[in-house]
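Source file: structure38.cif (mmCIF, C-alpha atoms)
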data_data
#
loop_
_atom_site.label_atom_id
_atom_site.label_comp_id
_atom_site.auth_asym_id
_atom_site.auth_seq_id
_atom_site.Cartn_x
_atom_site.Cartn_y
_atom_site.Cartn_z
CA MET N 1 -79.55 -46.81 -77.04
CA ASP N 2 -83.10 -45.56 -77.39
CA PHE N 3 -84.32 -41.97 -77.05
CA THR N 4 -85.19 -42.19 -73.34
CA GLU N 5 -81.84 -43.75 -72.46
CA VAL N 6 -79.93 -41.12 -74.41
CA MET N 7 -81.75 -38.19 -72.83
CA SER N 8 -81.24 -39.64 -69.35
CA GLU N 9 -77.54 -40.12 -70.05
CA LEU N 10 -77.15 -36.56 -71.36
CA GLU N 11 -78.85 -35.17 -68.27
CA ARG N 12 -76.57 -37.26 -66.02
CA LEU N 13 -73.43 -36.08 -67.84
CA GLY N 14 -74.26 -32.37 -67.76
CA THR N 15 -72.56 -29.98 -65.34
CA GLU N 16 -73.41 -26.49 -64.20
CA GLN N 17 -69.91 -25.28 -65.01
CA ASN N 18 -70.26 -26.39 -68.63
CA ARG N 19 -73.70 -24.79 -68.79
CA ARG N 20 -72.26 -21.43 -67.79
CA VAL N 21 -69.39 -21.71 -70.29
CA TYR N 22 -71.68 -22.68 -73.18
CA LEU N 23 -74.14 -19.92 -72.39
CA ARG N 24 -71.33 -17.35 -72.44
CA HIS N 25 -70.39 -18.65 -75.91
CA GLY N 26 -73.90 -18.20 -77.25
CA ALA N 27 -75.59 -21.52 -76.49
CA THR N 28 -79.33 -21.39 -75.94
CA GLU N 29 -81.59 -22.97 -73.36
CA PRO N 30 -82.51 -25.69 -72.64
CA LEU N 31 -79.19 -27.48 -72.16
CA PHE N 32 -77.61 -29.82 -69.63
CA GLY N 33 -74.00 -28.73 -70.13
CA VAL N 34 -72.51 -31.95 -71.53
CA SER N 35 -68.85 -31.79 -72.54
CA PHE N 36 -67.95 -32.35 -76.18
CA ALA N 37 -65.81 -35.30 -75.10
CA HIS N 38 -68.86 -37.03 -73.64
CA VAL N 39 -71.03 -36.18 -76.67
CA ASN N 40 -68.38 -37.58 -78.99
CA ALA N 41 -68.14 -40.77 -76.93
CA LEU N 42 -71.91 -41.22 -77.13
CA ALA N 43 -71.84 -40.62 -80.87
CA LYS N 44 -69.22 -43.36 -81.28
CA ARG N 45 -71.39 -45.78 -79.32
CA ILE N 46 -74.56 -44.98 -81.24
CA LYS N 47 -72.96 -44.53 -84.68
CA ARG N 48 -75.40 -43.52 -87.44
CA ASP N 49 -79.04 -43.44 -86.33
CA HIS N 50 -81.13 -40.94 -88.27
CA GLY N 51 -84.42 -41.74 -86.55
CA LEU N 52 -82.87 -41.11 -83.14
CA ALA N 53 -81.25 -37.94 -84.48
CA GLU N 54 -84.63 -36.58 -85.58
CA ALA N 55 -86.13 -37.29 -82.16
CA LEU N 56 -83.21 -35.65 -80.36
CA TRP N 57 -83.34 -32.59 -82.61
CA ALA N 58 -87.06 -32.18 -81.97
CA THR N 59 -86.43 -31.70 -78.24
CA GLY N 60 -84.79 -28.31 -78.80
CA ASN N 61 -82.24 -29.22 -76.13
CA ALA N 62 -78.78 -27.95 -77.12
CA ASP N 63 -76.93 -31.07 -75.94
CA ALA N 64 -79.40 -33.39 -77.63
CA ARG N 65 -79.06 -31.40 -80.84
CA THR N 66 -75.27 -31.51 -80.66
CA LEU N 67 -75.47 -35.30 -80.52
CA ALA N 68 -78.15 -35.36 -83.22
CA ALA N 69 -75.89 -33.48 -85.63
CA ALA N 70 -73.17 -36.11 -85.10
CA ILE N 71 -75.37 -39.19 -85.68
CA ALA N 72 -77.74 -37.89 -88.37
CA ASP N 73 -77.43 -39.24 -91.91
CA PRO N 74 -76.74 -36.41 -94.41
CA ALA N 75 -78.04 -38.64 -97.22
CA ARG N 76 -81.52 -38.51 -95.65
CA PHE N 77 -81.78 -34.73 -95.94
CA THR N 78 -83.55 -32.77 -98.63
CA GLN N 79 -83.05 -29.07 -99.14
CA GLY N 80 -86.34 -28.58 -97.30
CA THR N 81 -85.38 -30.61 -94.24
CA LEU N 82 -81.96 -28.99 -94.17
CA ASP N 83 -83.62 -25.56 -94.02
CA ALA N 84 -86.07 -26.84 -91.41
CA TRP N 85 -83.27 -27.97 -89.07
CA LEU N 86 -81.52 -24.62 -89.47
CA ASP N 87 -84.71 -22.63 -88.91
CA GLY N 88 -84.75 -21.03 -85.47
CA LEU N 89 -81.16 -21.88 -84.50
CA ARG N 90 -79.60 -19.07 -82.50
CA SER N 91 -76.46 -20.78 -81.20
CA PRO N 92 -73.24 -20.17 -83.16
CA LEU N 93 -71.73 -23.37 -81.76
CA LEU N 94 -74.65 -25.50 -82.87
CA ILE N 95 -74.89 -23.83 -86.27
CA ASP N 96 -71.22 -24.57 -86.91
CA LEU N 97 -71.68 -28.23 -85.92
CA PHE N 98 -74.79 -28.51 -88.08
CA VAL N 99 -72.80 -27.23 -91.07
CA LYS N 100 -69.77 -29.44 -90.38
CA HIS N 101 -71.60 -32.71 -89.78
CA ILE N 102 -74.63 -32.35 -92.05
CA ALA N 103 -74.87 -29.49 -94.55
CA LEU N 104 -71.32 -29.92 -95.87
CA LYS N 105 -71.96 -33.62 -96.59
CA THR N 106 -75.19 -33.20 -98.56
CA PRO N 107 -75.15 -33.23 -102.40
CA PHE N 108 -76.64 -29.74 -102.44
CA ALA N 109 -74.12 -28.05 -100.15
CA ARG N 110 -73.17 -25.51 -102.81
CA GLU N 111 -76.80 -24.53 -103.42
CA ALA N 112 -77.35 -24.16 -99.67
CA MET N 113 -74.24 -21.99 -99.42
CA GLU N 114 -75.48 -19.67 -102.16
CA ARG N 115 -78.96 -19.32 -100.64
CA TRP N 116 -77.81 -18.88 -97.07
CA THR N 117 -75.06 -16.36 -97.78
CA ALA N 118 -77.62 -14.22 -99.61
CA SER N 119 -79.86 -14.07 -96.52
CA ASP N 120 -80.14 -10.96 -94.36
CA ASP N 121 -80.87 -13.15 -91.33
CA GLU N 122 -77.88 -13.18 -88.96
CA TRP N 123 -78.07 -16.90 -88.23
CA ILE N 124 -78.86 -18.20 -91.70
CA GLY N 125 -76.06 -15.96 -92.95
CA ARG N 126 -73.71 -17.46 -90.38
CA ALA N 127 -74.56 -20.96 -91.60
CA GLY N 128 -73.90 -19.90 -95.19
CA TRP N 129 -70.53 -18.33 -94.51
CA THR N 130 -69.46 -21.19 -92.25
CA LEU N 131 -70.33 -23.48 -95.15
CA VAL N 132 -68.16 -21.36 -97.48
CA GLY N 133 -65.15 -21.96 -95.23
CA ALA N 134 -65.95 -25.66 -94.92
CA LEU N 135 -66.25 -26.09 -98.69
CA ALA N 136 -62.98 -24.23 -99.23
CA ALA N 137 -61.26 -26.72 -96.94
CA GLU N 138 -63.07 -29.92 -97.88
CA GLU N 139 -64.25 -29.75 -101.49
CA PRO N 140 -61.31 -29.61 -103.92
CA SER N 141 -63.51 -30.17 -106.98
CA LEU N 142 -65.10 -26.71 -106.79
CA PRO N 143 -63.55 -24.14 -109.15
CA ASP N 144 -61.72 -21.13 -107.73
CA SER N 145 -64.35 -18.88 -109.31
CA VAL N 146 -66.86 -19.99 -106.64
CA PHE N 147 -64.62 -18.61 -103.91
CA GLU N 148 -63.56 -15.54 -105.88
CA ASP N 149 -67.24 -14.58 -105.98
CA ARG N 150 -67.47 -15.11 -102.23
CA LEU N 151 -64.42 -12.89 -101.69
CA SER N 152 -66.11 -10.10 -103.61
CA ALA N 153 -69.24 -10.46 -101.48
CA ILE N 154 -67.24 -10.47 -98.24
CA GLU N 155 -65.31 -7.36 -99.22
CA ALA N 156 -68.49 -5.54 -100.22
CA SER N 157 -70.61 -6.34 -97.16
CA ILE N 158 -68.64 -7.62 -94.17
CA HIS N 159 -68.64 -4.33 -92.27
CA ARG N 160 -72.40 -3.97 -92.44
CA ALA N 161 -73.24 -7.64 -91.82
CA LYS N 162 -74.78 -8.66 -88.51
CA ASN N 163 -72.40 -9.73 -85.77
CA ARG N 164 -72.44 -13.53 -85.95
CA ALA N 165 -72.66 -13.54 -89.73
CA ARG N 166 -69.73 -11.10 -89.82
CA GLU N 167 -67.70 -13.44 -87.63
CA ALA N 168 -68.34 -16.32 -90.05
CA MET N 169 -67.45 -14.12 -93.02
CA ASN N 170 -64.09 -13.35 -91.45
CA SER N 171 -63.49 -17.07 -90.90
CA ALA N 172 -64.54 -17.81 -94.50
CA LEU N 173 -62.06 -15.21 -95.73
CA ILE N 174 -59.30 -17.04 -93.86
CA GLY N 175 -60.49 -20.41 -95.14
CA ILE N 176 -60.48 -19.24 -98.75
CA GLY N 177 -56.99 -17.82 -98.30
CA ALA N 178 -55.79 -21.19 -97.06
CA ARG N 179 -57.20 -23.14 -100.03
CA ASN N 180 -54.46 -22.67 -102.64
CA GLU N 181 -51.82 -20.21 -103.87
CA PRO N 182 -53.99 -18.16 -106.27
CA LEU N 183 -56.76 -17.76 -103.68
CA ARG N 184 -54.17 -16.97 -101.03
CA GLY N 185 -53.17 -13.87 -102.97
CA ALA N 186 -56.75 -12.86 -103.72
CA ALA N 187 -57.80 -13.30 -100.09
CA LEU N 188 -54.85 -11.31 -98.77
CA THR N 189 -55.67 -8.48 -101.16
CA ALA N 190 -59.28 -8.49 -99.98
CA ALA N 191 -58.29 -8.71 -96.31
CA ARG N 192 -55.98 -5.71 -96.60
CA ARG N 193 -58.70 -3.66 -98.23
CA ILE N 194 -61.23 -4.73 -95.59
CA GLY N 195 -58.99 -3.84 -92.67
CA LYS N 196 -59.93 -4.51 -89.04
CA VAL N 197 -63.18 -6.40 -88.53
CA ALA N 198 -65.00 -5.54 -85.28
CA ILE N 199 -66.91 -8.45 -83.73
CA ASP N 200 -68.60 -8.60 -80.33
CA ASN N 201 -67.56 -11.90 -78.75
CA GLY N 202 -69.36 -11.22 -75.50
CA ASP N 203 -67.88 -12.20 -72.13
CA THR N 204 -65.62 -14.93 -73.52
CA GLY N 205 -62.14 -13.45 -73.78
CA TYR N 206 -62.00 -14.72 -77.35
CA LYS N 207 -60.20 -12.44 -79.82
CA THR N 208 -61.25 -12.46 -83.44
CA PRO N 209 -58.26 -13.42 -85.60
CA ASP N 210 -56.94 -10.84 -88.04
CA ALA N 211 -57.50 -12.36 -91.48
CA THR N 212 -54.26 -11.10 -93.05
CA ALA N 213 -52.09 -12.31 -90.17
CA GLN N 214 -53.92 -15.64 -89.91
CA ILE N 215 -53.61 -16.46 -93.61
CA GLN N 216 -49.90 -15.65 -93.54
CA LYS N 217 -49.45 -17.76 -90.40
CA LEU N 218 -51.23 -20.75 -91.97
CA TRP N 219 -49.01 -20.65 -95.04
CA ALA N 220 -45.86 -20.14 -93.00
CA THR N 221 -46.51 -23.37 -91.09
CA ARG N 222 -47.06 -25.48 -94.18
CA ARG N 223 -44.16 -27.71 -95.07
CA PRO N 224 -42.90 -27.26 -98.60
CA ALA N 225 -43.40 -30.21 -100.89
CA ALA N 226 -40.52 -32.62 -100.75
CA ALA N 227 -38.14 -32.38 -103.68
CA PRO N 228 -38.29 -35.39 -105.97
CA ALA N 229 -35.60 -37.92 -105.23
CA LYS N 230 -32.65 -37.81 -107.58
CA PRO N 231 -32.11 -40.99 -109.56
CA ALA N 232 -29.21 -43.08 -108.33
CA ARG N 233 -26.09 -42.50 -110.35
CA THR N 234 -24.75 -45.55 -112.16
CA PRO N 235 -20.96 -45.73 -111.94
CA ALA N 236 -19.33 -45.19 -115.29
CA ALA N 237 -18.01 -48.36 -116.81
CA LYS N 238 -14.25 -48.64 -116.72
CA PRO N 239 -12.58 -48.94 -120.12
CA ARG N 240 -11.52 -52.46 -120.86
CA LYS N 241 -7.82 -53.06 -121.29
CA ALA N 242 -6.74 -54.09 -124.73
CA ALA N 243 -5.84 -57.73 -124.97
CA ARG N 244 -2.11 -58.33 -124.92
CA ARG N 245 -0.75 -59.87 -128.07
CA GLY N 246 1.51 -62.78 -127.67
#
Written form, structure tokens:
Amino acid sequence: MDFTEVMSELERLGTEQNRRVYLRHGATEPLFGVSFAHVNALAKRIKRDHGLAEALWATGNADARTLAAAIADPARFTQGTLDAWLDGLRSPLLIDLFVKHIALKTPFAREAMERWTASDDEWIGRAGWTLVGALAAEEPSLPDSVFEDRLSAIEASIHRAKNRAREAMNSALIGIGARNEPLRGAALTAARRIGKVAIDNGDTGYKTPDATAQIQKLWATRRPAAAPAKPARTPAAKPRKAARRG
């Protein structure tokens, strides 16, 4: 599919009901209101097409950018182009997709995380803290010290962070707590010291999860590792009867 065909298809698939829902959840204009199911189906048809992704992203249309994030090639990004795509984003949904599909899969994800979490900008900060949670879940090679540092930063600044960055910090806290046993304990300690985190979710009915309760719930639902199978017991050999002498 070329650019014109894709934009026409997105416009055809959009609905006013979806537009209203997405706008309530922080999406920005312009947008057609295309369901995620339809975007995902288009992405499967198109597969990887970085040139098309760049053209779609340049439109500024939220639906086109959602599709662009799914078909872009993370290997084609530099730190500069990654920052350029993030620049100006004001939609929490789109920022989270951008992190999941692109930033997380670049070789400089950790550097981006460190730069973005240090930003005072609400939206860049959101991207950084969303990336923290994604790395905690998806990058087992990172040492625990990376996330221990993030826990200290969350505890020190979450209550004064801007709303959408604060929401992502709370999610990152949960993600770190779900990573492994040592970080579970450290995250629970931090969450208890932090206490209730107030986040304005607008007219959505969404309730921000309590980090302590959510971490405990995640661990409670994990199945314990299966016990190693016991080796089969070999029956003891019966003593042989002494030969009878004639």
Item to check | Residues selected by the PyMOL selection byres ((chain N and resi 126) around 10), written as a list in words | outcome: Arg90, Pro92, Ile95, Asp96, Val99, Trp116, Thr117, Ser119, Asp120, Asp121, Glu122, Trp123, Ile124, Gly125, Ala127, Gly128, Trp129, Thr130, Leu131, Val132, Ala161, Lys162, Asn163, Arg164, Ala165, Arg166, Glu167, Ala168 and Met169 of chain N
Open item on the list: Quick check on the file I pasted: which residues fall under the PyMOL selection byres ((chain N and resi 214) around 12)? Write them as a list in words.
Closed with: Asn170, Ser171, Ala172, Leu173, Ile174, Gly175, Ile176, Gly177, Ala178, Arg184, Ala187, Leu188, Ala191, Thr208, Pro209, Asp210, Ala211, Thr212, Ala213, Ile215, Gln216, Lys217, Leu218, Trp219, Ala220 and Thr221 of chain N
| request: List the residues matched by the PyMOL selection byres ((chain N and resi 18) around 10) in the displayed structure as a PyMOL selection string, ordered by chain and then by residue number. | output: chain N and resi 14-17+19-24+31-36
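Proximity to N:Glu114 was assessed for N:Leu89, N:Ala41, N:Ala198, N:Val146 counting all atoms listed in the file; the smallest distance is recorded for N:Val146.
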What lies within 12 Å of N:Arg45 using all atoms listed in the file, ignoring chain neighbours under 4 positions off, as an MDAnalysis selection string?
chainID N and resid 1:2 6 38:41 49 67 70:71
Here's a test: counting only C-alpha atoms, identify every protein, DNA and RNA residue with an atom at most 6 Å from (-75.4, -34.4, -91.8) in the file's coordinate frame, and state them as a PyMOL selection string. chain N and resi 72-74+101-103+105
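Remark: for N:Asn180, the closest of the candidate residues N:Ser157, N:Arg222, N:Thr204, N:Arg48 is N:Arg222 (distances computed over all atoms listed in the file).
Coordinates place atom CA of N:Leu82 at a distance of 25.6 Å from atom CA of N:Glu148.
Compared by their closest atoms to N:Ile158, and using all atoms listed in the file, the residues N:Val197, N:Ala190, N:Gly88, N:Pro140 rank with N:Val197 nearest.
In this model, the gap between atom CA of N:Glu138 and atom CA of N:Thr66 comes to 21.2 Å.
One finds atom CA of N:Pro107 at 12.9 Å from atom CA of N:Ser141.
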If you count all atoms listed in the file, the residue of N:Arg150, N:Ser145, N:Trp57, N:Phe3 closest to N:Gly133 turns out to be N:Arg150
